[in-house]
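Below is the file query12.cif, which contains mmCIF, C-alpha atoms and all ligand atoms.
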```
data_data
#
loop_
_atom_site.label_atom_id
_atom_site.label_comp_id
_atom_site.auth_asym_id
_atom_site.auth_seq_id
_atom_site.Cartn_x
_atom_site.Cartn_y
_atom_site.Cartn_z
CA MET Z 423 -14.04 4.78 17.62
CA LYS Z 424 -14.82 2.76 14.51
CA ILE Z 425 -12.29 2.74 11.67
CA LEU Z 426 -13.29 1.60 8.19
CA VAL Z 427 -10.25 0.26 6.35
CA THR Z 428 -10.72 -0.32 2.62
CA GLY Z 429 -8.33 -2.72 0.89
CA GLY Z 430 -7.47 -4.35 4.23
CA ALA Z 431 -7.00 -7.79 2.65
CA GLY Z 432 -4.06 -6.41 0.68
CA PHE Z 433 -0.44 -5.88 1.64
CA ILE Z 434 -0.35 -2.52 3.45
CA GLY Z 435 -4.03 -2.48 4.50
CA GLY Z 436 -3.59 -5.92 6.12
CA ASN Z 437 -0.47 -4.80 7.97
CA PHE Z 438 -2.32 -1.63 9.04
CA ILE Z 439 -5.19 -3.65 10.54
CA HIS Z 440 -2.74 -5.87 12.46
CA TYR Z 441 -0.83 -2.81 13.68
CA MET Z 442 -3.88 -0.82 14.71
CA MET Z 443 -5.59 -3.73 16.48
CA LYS Z 444 -2.42 -4.20 18.52
CA TYR Z 445 -2.11 -0.54 19.57
CA HIS Z 446 -5.80 0.45 19.77
CA GLU Z 447 -7.47 -2.49 21.47
CA ASP Z 448 -10.59 -0.47 22.28
CA TYR Z 449 -11.30 0.53 18.65
CA GLU Z 450 -13.55 -1.33 16.24
CA PHE Z 451 -12.30 -2.15 12.75
CA LEU Z 452 -14.35 -2.78 9.66
CA CYS Z 453 -12.49 -4.02 6.59
CA VAL Z 454 -14.14 -3.50 3.21
CA ASP Z 455 -12.34 -5.31 0.42
CA PHE Z 456 -13.48 -6.63 -2.97
CA LEU Z 457 -10.95 -9.48 -2.81
CA THR Z 458 -9.47 -8.95 -6.24
CA TYR Z 459 -6.48 -11.10 -7.18
CA ALA Z 460 -4.46 -8.97 -4.69
CA GLY Z 461 -6.81 -9.43 -1.74
CA ASN Z 462 -6.16 -12.39 0.48
CA MET Z 463 -8.26 -13.53 3.45
CA GLU Z 464 -5.30 -15.43 4.87
CA THR Z 465 -3.65 -12.06 5.52
CA LEU Z 466 -6.53 -11.31 7.89
CA GLU Z 467 -6.48 -14.70 9.59
CA PRO Z 468 -4.76 -13.37 12.77
CA VAL Z 469 -7.70 -10.99 13.45
CA ILE Z 470 -10.65 -12.70 11.82
CA ASN Z 471 -12.10 -14.05 15.08
CA ASN Z 472 -11.49 -10.89 17.09
CA SER Z 473 -14.84 -9.44 18.24
CA LYS Z 474 -13.59 -5.92 17.39
CA PHE Z 475 -13.07 -6.89 13.74
CA LYS Z 476 -15.55 -7.29 10.92
CA PHE Z 477 -15.07 -8.02 7.21
CA ILE Z 478 -17.39 -7.08 4.38
CA LYS Z 479 -16.73 -8.00 0.76
CA ALA Z 480 -17.62 -5.01 -1.43
CA ASP Z 481 -16.36 -2.95 -4.35
CA ILE Z 482 -15.55 0.64 -3.34
CA ALA Z 483 -16.86 1.77 -6.74
CA ASP Z 484 -20.27 0.20 -6.04
CA ARG Z 485 -22.19 3.19 -4.70
CA LYS Z 486 -25.22 1.24 -3.47
CA SER Z 487 -23.17 -1.22 -1.42
CA ILE Z 488 -20.89 1.48 -0.03
CA TYR Z 489 -23.80 3.70 1.04
CA GLU Z 490 -25.46 0.69 2.69
CA ILE Z 491 -22.25 -0.05 4.60
CA PHE Z 492 -21.94 3.57 5.80
CA ARG Z 493 -25.65 3.67 6.78
CA GLU Z 494 -25.37 0.46 8.80
CA GLU Z 495 -21.87 0.76 10.23
CA LYS Z 496 -21.44 4.52 10.79
CA PRO Z 497 -17.61 4.63 10.69
CA ASP Z 498 -15.83 7.54 12.42
CA ILE Z 499 -12.66 7.39 10.32
CA VAL Z 500 -12.13 6.00 6.82
CA VAL Z 501 -8.67 4.97 5.64
CA ASN Z 502 -8.65 4.21 1.92
CA PHE Z 503 -6.04 1.66 0.87
CA ALA Z 504 -8.24 -0.06 -1.74
CA ALA Z 505 -6.66 0.31 -5.15
CA GLU Z 506 -5.22 -1.41 -8.15
CA SER Z 507 -1.59 -1.02 -7.15
CA HIS Z 508 0.70 -2.61 -9.73
CA VAL Z 509 2.32 -0.33 -12.33
CA ASP Z 510 2.94 -3.15 -14.83
CA ARG Z 511 -0.73 -4.18 -14.80
CA SER Z 512 -1.75 -0.55 -15.35
CA ILE Z 513 0.33 -0.51 -18.52
CA GLU Z 514 -1.50 -3.63 -19.75
CA GLU Z 515 -5.02 -2.67 -18.67
CA PRO Z 516 -5.50 0.93 -17.50
CA GLU Z 517 -9.30 0.94 -17.27
CA ILE Z 518 -9.76 -0.89 -13.98
CA PHE Z 519 -7.25 1.53 -12.43
CA LEU Z 520 -9.51 4.44 -13.29
CA LYS Z 521 -12.60 2.63 -12.06
CA THR Z 522 -11.21 1.56 -8.68
CA ASN Z 523 -8.66 4.26 -7.92
CA VAL Z 524 -10.60 7.28 -9.19
CA MET Z 525 -14.29 6.38 -9.24
CA GLY Z 526 -13.95 4.22 -6.13
CA THR Z 527 -12.36 7.09 -4.22
CA GLN Z 528 -15.13 9.41 -5.38
CA VAL Z 529 -17.82 7.02 -4.14
CA LEU Z 530 -16.11 6.86 -0.74
CA LEU Z 531 -15.85 10.67 -0.59
CA ASP Z 532 -19.55 10.98 -1.44
CA ALA Z 533 -20.42 8.45 1.26
CA CYS Z 534 -18.35 10.39 3.80
CA LYS Z 535 -20.09 13.61 2.77
CA LYS Z 536 -23.56 12.06 2.93
CA PHE Z 537 -23.23 10.15 6.19
CA GLY Z 538 -20.61 12.28 7.99
CA ILE Z 539 -17.20 11.19 9.28
CA GLN Z 540 -14.44 12.64 11.47
CA ARG Z 541 -11.70 12.02 8.93
CA PHE Z 542 -11.20 10.53 5.45
CA HIS Z 543 -7.59 9.51 4.90
CA GLN Z 544 -6.34 8.80 1.39
CA VAL Z 545 -3.34 6.47 1.12
CA SER Z 546 -1.48 7.85 -1.85
CA THR Z 547 1.97 7.35 -3.31
CA ASP Z 548 5.18 9.19 -4.11
CA GLU Z 549 4.63 8.12 -7.73
CA VAL Z 550 2.28 11.09 -8.17
CA TYR Z 551 5.41 13.29 -8.28
CA GLY Z 552 6.88 11.42 -11.27
CA ASP Z 553 10.59 10.68 -10.96
CA LEU Z 554 13.94 12.28 -10.17
CA PRO Z 555 17.13 12.00 -12.25
CA LEU Z 556 19.66 9.33 -11.25
CA ASP Z 557 22.56 11.81 -11.17
CA ARG Z 558 21.01 14.35 -8.77
CA SER Z 559 21.11 12.72 -5.35
CA ASP Z 560 20.53 16.18 -3.81
CA LEU Z 561 16.89 16.26 -5.07
CA TYR Z 562 13.90 14.92 -3.09
CA PHE Z 563 10.11 14.92 -3.38
CA THR Z 564 8.53 17.44 -0.99
CA GLU Z 565 4.80 18.08 -0.58
CA GLU Z 566 5.30 21.10 -2.89
CA THR Z 567 6.72 19.05 -5.78
CA PRO Z 568 4.29 19.35 -8.73
CA LEU Z 569 2.24 16.30 -9.72
CA HIS Z 570 3.85 14.86 -12.86
CA THR Z 571 2.77 11.26 -13.40
CA SER Z 572 4.27 8.60 -15.66
CA SER Z 573 2.06 5.46 -15.64
CA PRO Z 574 -1.71 4.95 -15.79
CA TYR Z 575 -1.39 3.77 -12.17
CA SER Z 576 0.23 6.98 -10.95
CA ALA Z 577 -2.12 9.08 -13.08
CA SER Z 578 -5.09 7.40 -11.40
CA LYS Z 579 -3.62 7.95 -7.92
CA ALA Z 580 -2.91 11.63 -8.68
CA SER Z 581 -6.48 12.03 -9.96
CA ALA Z 582 -7.80 10.58 -6.73
CA ASP Z 583 -5.62 12.98 -4.70
CA LEU Z 584 -7.04 15.94 -6.62
CA LEU Z 585 -10.58 14.75 -5.94
CA VAL Z 586 -9.83 14.41 -2.23
CA GLN Z 587 -8.49 17.98 -2.18
CA ALA Z 588 -11.52 19.20 -4.12
CA TYR Z 589 -13.88 17.66 -1.52
CA TYR Z 590 -11.91 19.43 1.20
CA ARG Z 591 -12.07 22.82 -0.49
CA THR Z 592 -15.61 22.64 -1.87
CA PHE Z 593 -17.47 20.56 0.71
CA LYS Z 594 -15.22 21.11 3.77
CA LEU Z 595 -14.85 17.34 4.12
CA PRO Z 596 -12.18 16.59 6.78
CA VAL Z 597 -9.47 14.86 4.77
CA THR Z 598 -5.76 14.06 4.88
CA ILE Z 599 -3.50 12.53 2.23
CA SER Z 600 -0.24 10.62 2.69
CA ARG Z 601 2.24 9.94 -0.10
CA CYS Z 602 4.57 7.11 0.74
CA SER Z 603 7.59 5.58 -0.93
CA ASN Z 604 7.96 1.85 -1.76
CA ASN Z 605 6.90 -0.44 1.08
CA TYR Z 606 8.18 -3.93 1.82
CA GLY Z 607 7.52 -6.45 4.57
CA PRO Z 608 5.18 -9.36 5.42
CA TYR Z 609 2.14 -10.22 3.26
CA HIS Z 610 3.53 -8.42 0.17
CA PHE Z 611 1.99 -9.85 -3.01
CA PRO Z 612 4.62 -11.73 -5.05
CA GLU Z 613 4.14 -9.66 -8.20
CA LYS Z 614 6.17 -6.77 -6.71
CA LEU Z 615 9.99 -6.65 -6.83
CA ILE Z 616 10.99 -7.79 -3.33
CA PRO Z 617 8.52 -10.65 -2.74
CA LEU Z 618 8.87 -11.82 -6.36
CA MET Z 619 12.64 -12.04 -6.02
CA ILE Z 620 12.32 -13.89 -2.70
CA ALA Z 621 9.76 -16.33 -4.15
CA ASN Z 622 11.81 -16.99 -7.27
CA ALA Z 623 15.14 -17.29 -5.44
CA LEU Z 624 13.57 -19.83 -3.07
CA LYS Z 625 12.57 -21.93 -6.09
CA GLY Z 626 15.86 -21.42 -7.94
CA LYS Z 627 13.98 -19.54 -10.69
CA SER Z 628 15.46 -16.65 -12.67
CA LEU Z 629 15.28 -13.15 -11.19
CA PRO Z 630 14.01 -10.73 -13.86
CA VAL Z 631 15.61 -7.29 -13.51
CA TYR Z 632 14.19 -4.57 -15.75
CA GLY Z 633 16.68 -2.70 -17.92
CA ARG Z 634 20.05 -2.53 -16.19
CA GLY Z 635 18.71 -2.54 -12.63
CA GLU Z 636 19.90 1.03 -12.07
CA ASN Z 637 16.53 2.52 -11.11
CA ILE Z 638 16.35 3.67 -7.50
CA ARG Z 639 13.52 3.17 -5.02
CA ASP Z 640 13.27 4.56 -1.45
CA TRP Z 641 12.26 1.54 0.65
CA LEU Z 642 10.16 1.80 3.81
CA TYR Z 643 9.37 -1.11 6.13
CA VAL Z 644 5.58 -1.44 6.10
CA GLU Z 645 5.15 -1.11 9.87
CA ASP Z 646 6.75 2.34 9.73
CA HIS Z 647 4.16 3.33 7.12
CA CYS Z 648 1.32 2.02 9.32
CA ARG Z 649 2.60 4.02 12.29
CA ALA Z 650 2.78 7.16 10.16
CA ILE Z 651 -0.87 6.77 9.09
CA ASP Z 652 -1.88 6.14 12.72
CA VAL Z 653 -0.25 9.46 13.67
CA ILE Z 654 -1.78 11.34 10.72
CA ILE Z 655 -5.38 10.19 11.32
CA HIS Z 656 -5.12 11.17 14.98
CA GLU Z 657 -2.97 14.30 14.88
CA GLY Z 658 -2.75 15.42 11.25
CA THR Z 659 -4.30 18.67 10.05
CA ASN Z 660 -7.34 18.57 7.77
CA GLY Z 661 -6.57 19.35 4.12
CA GLU Z 662 -2.86 18.55 4.48
CA VAL Z 663 -0.59 16.23 2.49
CA TYR Z 664 2.19 14.33 4.31
CA ASN Z 665 5.10 12.62 2.55
CA ILE Z 666 6.27 9.38 4.19
CA GLY Z 667 9.71 7.89 3.61
CA GLY Z 668 12.93 7.20 5.41
CA HIS Z 669 16.01 7.78 3.20
CA ASN Z 670 16.56 4.13 2.37
CA GLU Z 671 17.46 4.45 -1.30
CA ARG Z 672 18.75 1.41 -3.18
CA THR Z 673 19.15 0.52 -6.85
CA ASN Z 674 17.03 -2.46 -7.91
CA LEU Z 675 20.18 -4.46 -8.54
CA GLU Z 676 21.41 -3.76 -4.99
CA VAL Z 677 18.05 -4.98 -3.63
CA VAL Z 678 18.16 -8.18 -5.70
CA LYS Z 679 21.76 -8.89 -4.72
CA THR Z 680 20.94 -8.38 -1.04
CA ILE Z 681 18.12 -10.94 -1.30
CA ILE Z 682 20.44 -13.37 -3.09
CA ARG Z 683 23.04 -12.97 -0.35
CA GLU Z 684 20.53 -13.44 2.48
CA LEU Z 685 19.11 -16.58 0.86
CA ASP Z 686 22.52 -17.94 -0.10
CA ALA Z 687 21.34 -18.16 -3.71
CA SER Z 688 23.39 -17.64 -6.87
CA GLU Z 689 23.86 -14.35 -8.74
CA ASP Z 690 23.61 -16.44 -11.92
CA LEU Z 691 19.83 -16.32 -11.37
CA ILE Z 692 19.81 -12.60 -12.28
CA THR Z 693 18.34 -12.11 -15.76
CA PHE Z 694 18.20 -8.67 -17.31
CA VAL Z 695 14.93 -8.31 -19.20
CA ALA Z 696 13.22 -5.61 -21.28
CA ASP Z 697 12.67 -2.39 -19.37
CA ARG Z 698 9.24 -1.25 -18.12
CA ALA Z 699 7.67 1.32 -20.49
CA GLY Z 700 8.00 4.82 -19.03
CA HIS Z 701 10.06 3.40 -16.14
CA ASP Z 702 10.49 6.00 -13.37
CA LEU Z 703 14.21 6.48 -12.63
CA ARG Z 704 14.42 7.46 -8.98
CA TYR Z 705 12.03 8.05 -6.09
CA ALA Z 706 13.26 9.79 -2.93
CA ILE Z 707 11.07 11.28 -0.22
CA ASP Z 708 11.83 14.28 1.95
CA PRO Z 709 9.95 13.43 5.20
CA THR Z 710 10.76 16.73 6.97
CA LYS Z 711 7.13 17.85 7.27
CA ILE Z 712 5.77 14.74 9.00
CA HIS Z 713 8.84 14.68 11.24
CA ASN Z 714 8.61 18.35 12.26
CA GLU Z 715 4.82 18.55 12.58
CA LEU Z 716 3.89 15.08 13.86
CA GLY Z 717 7.17 13.74 15.27
CA TRP Z 718 7.22 10.69 12.98
CA LEU Z 719 10.48 9.02 12.04
CA PRO Z 720 11.03 5.54 10.60
CA THR Z 721 12.53 3.02 13.01
CA THR Z 722 13.57 0.15 10.70
CA THR Z 723 16.61 0.43 8.43
CA PHE Z 724 16.61 -1.38 5.09
CA ASP Z 725 19.31 -3.77 6.28
CA ASP Z 726 17.19 -4.86 9.27
CA GLY Z 727 13.86 -4.74 7.43
CA ILE Z 728 14.95 -6.93 4.53
CA LYS Z 729 16.25 -9.57 6.99
CA LYS Z 730 12.92 -9.53 8.88
CA THR Z 731 11.00 -9.72 5.60
CA ILE Z 732 12.96 -12.69 4.26
CA GLN Z 733 12.58 -14.44 7.60
CA TRP Z 734 8.81 -13.89 7.44
CA TYR Z 735 8.61 -15.44 3.96
CA LEU Z 736 10.69 -18.40 5.12
CA GLU Z 737 8.29 -18.94 8.02
CA ASN Z 738 5.16 -18.43 5.90
CA LYS Z 739 5.88 -20.46 2.79
CA GLN Z 740 2.30 -21.73 2.75
CA TRP Z 741 0.89 -18.17 2.50
CA LEU Z 742 3.10 -17.63 -0.53
CA GLU Z 743 2.28 -21.02 -2.08
CA ASN Z 744 -1.45 -20.48 -1.69
CA ILE Z 745 -1.26 -17.18 -3.52
CA ILE Z 746 0.89 -18.55 -6.27
CA SER Z 747 -1.42 -21.54 -6.76
CA GLY Z 748 -4.57 -19.44 -6.53
CA GLU Z 749 -5.92 -21.46 -3.62
CA ASP Z 750 -6.75 -18.30 -1.79
CA GLN Z 751 -10.09 -18.04 -3.59
CA GLN Z 752 -11.08 -21.52 -2.38
CA TYR Z 753 -9.94 -20.54 1.11
CA TYR Z 754 -12.36 -17.63 1.06
CA GLU Z 755 -15.29 -19.83 -0.05
CA LYS Z 756 -14.47 -22.34 2.69
CA MET Z 757 -14.16 -19.71 5.42
CA TYR Z 758 -17.09 -17.51 4.42
CA SER Z 759 -19.73 -19.67 2.78
CA ASN Z 760 -21.61 -19.92 6.08
CA LYS Z 761 -21.09 -16.38 7.40
P1 LIG Z 801 -2.42 -4.37 -2.80
O1 LIG Z 801 -2.58 -4.51 -4.28
O2 LIG Z 801 -1.57 -5.36 -2.07
O3 LIG Z 801 -3.85 -4.38 -2.10
C1 LIG Z 801 -4.95 -3.71 -2.61
C2 LIG Z 801 -6.19 -4.22 -1.90
O4 LIG Z 801 -7.32 -3.48 -2.41
C3 LIG Z 801 -6.49 -5.70 -2.17
O5 LIG Z 801 -6.85 -6.33 -0.97
C4 LIG Z 801 -7.66 -5.67 -3.14
O6 LIG Z 801 -8.53 -6.78 -3.03
C5 LIG Z 801 -8.37 -4.39 -2.72
N1 LIG Z 801 -9.18 -3.82 -3.79
C6 LIG Z 801 -8.83 -3.63 -5.08
N2 LIG Z 801 -9.86 -3.11 -5.78
C7 LIG Z 801 -10.88 -2.94 -4.90
C8 LIG Z 801 -12.19 -2.43 -5.00
N3 LIG Z 801 -12.68 -2.00 -6.17
N4 LIG Z 801 -12.96 -2.37 -3.89
C9 LIG Z 801 -12.48 -2.81 -2.69
N5 LIG Z 801 -11.26 -3.34 -2.54
C10 LIG Z 801 -10.45 -3.39 -3.63
O7 LIG Z 801 -1.89 -2.89 -2.57
P2 LIG Z 801 -0.88 -2.31 -1.48
O8 LIG Z 801 0.48 -2.44 -1.99
O9 LIG Z 801 -1.25 -2.83 -0.15
O10 LIG Z 801 -1.27 -0.75 -1.57
C11 LIG Z 801 -2.32 -0.22 -0.76
C12 LIG Z 801 -2.45 1.25 -1.04
O11 LIG Z 801 -1.24 1.91 -0.75
C13 LIG Z 801 -2.76 1.58 -2.49
O12 LIG Z 801 -3.68 2.64 -2.52
C14 LIG Z 801 -1.44 2.01 -3.08
O13 LIG Z 801 -1.63 2.92 -4.13
C15 LIG Z 801 -0.79 2.66 -1.88
N6 LIG Z 801 0.67 2.63 -1.83
C16 LIG Z 801 1.35 1.45 -1.97
C17 LIG Z 801 2.74 1.44 -1.84
C18 LIG Z 801 3.52 0.16 -1.97
O14 LIG Z 801 4.75 0.20 -1.98
N7 LIG Z 801 2.89 -1.02 -2.04
C19 LIG Z 801 3.42 2.62 -1.56
C20 LIG Z 801 2.69 3.82 -1.44
C21 LIG Z 801 1.32 3.80 -1.55
O1 LIG Z 802 6.61 4.21 -4.75
C1 LIG Z 802 5.41 3.67 -4.31
C2 LIG Z 802 4.93 2.60 -5.28
O2 LIG Z 802 5.81 1.49 -5.16
C3 LIG Z 802 3.49 2.20 -5.04
O3 LIG Z 802 2.66 3.31 -5.28
C4 LIG Z 802 3.09 1.03 -5.94
O4 LIG Z 802 1.78 0.59 -5.61
C5 LIG Z 802 4.06 -0.10 -5.71
O5 LIG Z 802 3.76 -1.19 -6.57
C6 LIG Z 802 5.50 0.36 -5.96
O6 LIG Z 802 5.71 0.68 -7.36
P1 LIG Z 802 7.04 0.24 -8.14
O7 LIG Z 802 6.76 0.18 -9.57
O8 LIG Z 802 8.20 1.04 -7.67
O9 LIG Z 802 7.21 -1.25 -7.50
P2 LIG Z 802 7.60 -2.66 -8.16
O10 LIG Z 802 7.81 -3.61 -7.04
O11 LIG Z 802 6.66 -3.06 -9.24
O12 LIG Z 802 9.01 -2.35 -8.83
C7 LIG Z 802 10.09 -1.84 -8.06
C8 LIG Z 802 11.25 -1.62 -9.02
O13 LIG Z 802 11.73 -2.89 -9.47
C9 LIG Z 802 10.88 -0.86 -10.27
O14 LIG Z 802 11.96 -0.02 -10.63
C10 LIG Z 802 10.68 -1.93 -11.33
C11 LIG Z 802 11.65 -3.02 -10.90
N1 LIG Z 802 11.24 -4.41 -11.19
C12 LIG Z 802 10.00 -4.82 -10.80
C13 LIG Z 802 9.58 -6.12 -11.03
C14 LIG Z 802 8.21 -6.57 -10.60
C15 LIG Z 802 12.14 -5.28 -11.79
O15 LIG Z 802 13.28 -4.92 -12.11
N2 LIG Z 802 11.73 -6.57 -12.01
C16 LIG Z 802 10.48 -7.02 -11.68
O16 LIG Z 802 10.17 -8.22 -11.93
#
```
Rewrite the structure from the file as structure tokens, please.
Amino acid sequence: MKILVTGGAGFIGGNFIHYMMKYHEDYEFLCVDFLTYAGNMETLEPVINNSKFKFIKADIADRKSIYEIFREEKPDIVVNFAAESHVDRSIEEPEIFLKTNVMGTQVLLDACKKFGIQRFHQVSTDEVYGDLPLDRSDLYFTEETPLHTSSPYSASKASADLLVQAYYRTFKLPVTISRCSNNYGPYHFPEKLIPLMIANALKGKSLPVYGRGENIRDWLYVEDHCRAIDVIIHEGTNGEVYNIGGHNERTNLEVVKTIIRELDASEDLITFVADRAGHDLRYAIDPTKIHNELGWLPTTTFDDGIKKTIQWYLENKQWLENIISGEDQQYYEKMYSNK
């Protein structure tokens, strides 16, 4: 079995490769990543010399390169993590989100159609459902919730989901889609809430909280997400969407205060700043379908997961420093100039 993982030098894709190589030692893994600012070869360091692993630098929206890769490598399963993933950047510069998230997905679907695969899995997000009100804790996103996007990022992800479903219906391509809530854990790029707050708190820098910090996110430890995708690509039904989440809702302020407590930092670091435009209020996943049909349940609570995450950042300060100082690009040149 050969699994092509796009975006594997990023946060969740990297964790997925580590997870899968641990639990499927007989599989081969090919990572295709364009190494944008969010891609980091150091995340792949633990597997880079494994004979079952191969890395190719390529843009998923580059049809010629992608077709060449499929022709040469003949993957059995494709898991598409590659994306522009940060909402704030999509508000500043939407175009690259359309190119990578929509056109890139289409190129991958075409390659799957042309060369044949057993399964194309699209890693999507709960943000395609829009948001829920703060005062209705009885409401959750189910797979039937209508798509109702807020940001250019979520609009691009919803567009990609529709394309994936169109290729299933029209071309009978074997596809699955998962829509997950907010992930956290090791190798998370320090532009996102949790790693940014850890990085800043460690340096005694201010902790910028948008608006009043009342927005709610449903946090899932990244390994639980990886396990869910593993189950879906092996046992999921073609054409189906699976929501992934584990009822770990917290306000942003609660998250920031937890990090402050764990790091023994000062709450004086909290700085309330201008709110994000179009800021989604609350995300909350109903994971009943994946639980009932595939037996998946999360195993890590937020209280445990945040401790593990902070510990990982404390033990991997160099990984964080290299990203912040941009040395990761030089690292890639050094590691790959002769390969
Ligand atoms: P990330 O930004 O950390 O990583 C994205 C990776 O994709 C990077 O390695 C980057 O180099 C690569 N990439 C970007 N453009 C590319 C291109 N054109 N060609 C090839 N590679 C390219 O993102 P993440 O947080 O790991 O998210 C991964 C996926 O999971 C995304 O599709 C995202 O929408 C989805 N998702 C994320 C979360 C979350 O909480 N982070 C939750 C649900 C779904
Ligand atoms: O729900 C899944 C989504 O979760 C994924 O699809 C996205 O790729 C991922 O980035 C994430 O989106 P969010 O916008 O929820 O994540 P972010 O870490 O950017 O922000 C989390 C919350 O924290 C959000 O309400 C905005 C707030 N925030 C964020 C930053 C970066 C702050 O208050 N201050 C900040 O500095």
Quiz prompt | One-decimal distance in Å that lies between CA of Ile499 (chain Z) and CA of Tyr551 (chain Z) | solution = 26.6 Å
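For region 686-693 of chain Z, the set of protein, DNA and RNA residues having any atom at most 12 Å away, when counting all atoms listed in the file and skipping those fewer than 6 positions along the same chain, is Z:Met619, Z:Ile620, Z:Ala621, Z:Asn622, Z:Ala623, Z:Leu624, Z:Lys625, Z:Gly626, Z:Lys627, Z:Ser628, Z:Leu629, Z:Pro630, Z:Val631, Z:Tyr632, Z:Gly633, Z:Arg634, Z:Gly635, Z:Asn674, Z:Leu675, Z:Glu676, Z:Val677, Z:Val678, Z:Lys679, Z:Thr680, Z:Ile732.
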Go ahead and save the residues from that selection, with C-alpha atoms, as a compact mmCIF listing (two decimals), in the frame of the given file.
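Once everything was written out, this is part-v1.txt:
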```
# COMPACT_ATOMS: atom_id res chain seq x y z
CA MET Z 619 12.64 -12.04 -6.02
CA ILE Z 620 12.32 -13.89 -2.70
CA ALA Z 621 9.76 -16.33 -4.15
CA ASN Z 622 11.81 -16.99 -7.27
CA ALA Z 623 15.14 -17.29 -5.44
CA LEU Z 624 13.57 -19.83 -3.07
CA LYS Z 625 12.57 -21.93 -6.09
CA GLY Z 626 15.86 -21.42 -7.94
CA LYS Z 627 13.98 -19.54 -10.69
CA SER Z 628 15.46 -16.65 -12.67
CA LEU Z 629 15.28 -13.15 -11.19
CA PRO Z 630 14.01 -10.73 -13.86
CA VAL Z 631 15.61 -7.29 -13.51
CA TYR Z 632 14.19 -4.57 -15.75
CA GLY Z 633 16.68 -2.70 -17.92
CA ARG Z 634 20.05 -2.53 -16.19
CA GLY Z 635 18.71 -2.54 -12.63
CA ASN Z 674 17.03 -2.46 -7.91
CA LEU Z 675 20.18 -4.46 -8.54
CA GLU Z 676 21.41 -3.76 -4.99
CA VAL Z 677 18.05 -4.98 -3.63
CA VAL Z 678 18.16 -8.18 -5.70
CA LYS Z 679 21.76 -8.89 -4.72
CA THR Z 680 20.94 -8.38 -1.04
CA ILE Z 732 12.96 -12.69 4.26
```
As JSON, please: the centre and edge lengths in Å, to one decimal, of an axis-aligned box enclosing every listed atom of region 484-492 of chain Z with 4 Å added on each side.
```
{"center_x": -22.9, "center_y": 1.2, "center_z": -0.1, "size_x": 13.2, "size_y": 12.9, "size_z": 19.8}
```
Quiz item: So how many Å separate CA of Leu736 (chain Z) and CA of Glu464 (chain Z), to one decimal?
Solution: 16.3 Å
Proximity check chain Z to ligand LIG 801 (chain Z), 8 Å, nearest pairs one decimal Å, all atoms listed in the file, as CSV:
```
residue,atom,partner,partner_atom,distance
Z:Thr428,CA,Z:LIG801,N5,6.0
Z:Gly429,CA,Z:LIG801,O4,3.5
Z:Gly430,CA,Z:LIG801,O5,5.6
Z:Ala431,CA,Z:LIG801,O5,3.9
Z:Gly432,CA,Z:LIG801,O5,3.2
Z:Phe433,CA,Z:LIG801,O9,3.6
Z:Ile434,CA,Z:LIG801,O9,3.7
Z:Gly435,CA,Z:LIG801,O9,5.4
Z:Gly436,CA,Z:LIG801,O9,7.4
Z:Val454,CA,Z:LIG801,C9,6.2
Z:Asp455,CA,Z:LIG801,N5,3.7
Z:Phe456,CA,Z:LIG801,C9,4.0
Z:Leu457,CA,Z:LIG801,O6,3.6
Z:Thr458,CA,Z:LIG801,O6,4.0
Z:Tyr459,CA,Z:LIG801,O6,6.3
Z:Ala460,CA,Z:LIG801,C3,4.6
Z:Gly461,CA,Z:LIG801,O5,3.2
Z:Asn462,CA,Z:LIG801,O5,6.3
Z:Lys479,CA,Z:LIG801,C9,7.5
Z:Ala480,CA,Z:LIG801,C9,5.7
Z:Asp481,CA,Z:LIG801,N4,3.5
Z:Ile482,CA,Z:LIG801,N4,4.0
Z:Ala483,CA,Z:LIG801,N3,5.7
Z:Asp484,CA,Z:LIG801,N3,7.9
Z:Asn502,CA,Z:LIG801,O12,6.8
Z:Phe503,CA,Z:LIG801,C12,4.1
Z:Ala504,CA,Z:LIG801,O4,3.6
Z:Ala505,CA,Z:LIG801,C6,4.5
Z:Glu506,CA,Z:LIG801,C6,5.2
Z:Ser507,CA,Z:LIG801,O1,4.6
Z:His508,CA,Z:LIG801,O1,6.6
Z:Lys521,CA,Z:LIG801,N3,7.5
Z:Thr522,CA,Z:LIG801,N3,4.6
Z:Asn523,CA,Z:LIG801,O12,7.5
Z:Gly526,CA,Z:LIG801,N3,6.3
Z:Gln544,CA,Z:LIG801,O12,7.8
Z:Val545,CA,Z:LIG801,O12,5.3
Z:Ser546,CA,Z:LIG801,C21,4.9
Z:Thr547,CA,Z:LIG801,C21,4.0
Z:Asp548,CA,Z:LIG801,C20,6.5
Z:Glu549,CA,Z:LIG801,C20,7.9
Z:Lys579,CA,Z:LIG801,O13,6.6
Z:Arg601,CA,Z:LIG801,C20,6.3
Z:Cys602,CA,Z:LIG801,C20,4.4
Z:Ser603,CA,Z:LIG801,C19,5.2
Z:Asn604,CA,Z:LIG801,O14,3.6
Z:Asn605,CA,Z:LIG801,O14,3.8
Z:Tyr606,CA,Z:LIG801,O14,6.6
Z:His610,CA,Z:LIG801,O2,6.4
Z:Phe611,CA,Z:LIG801,O2,5.8
```
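The list of residues with at least one atom within 9 Å of Gln587 (chain Z), based on only C-alpha atoms and without residues fewer than 5 positions apart in the same chain, reads Ala582, Thr592, Leu595, Val597, Thr598, Ile599, Gly661 and Glu662 of chain Z.
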Quiz item: So, counting all atoms listed in the file, which residue among Z:Gly700, Z:Pro720, Z:Gly668, Z:Pro516 is closest to Ser578 (chain Z)?
Solution: Z:Pro516
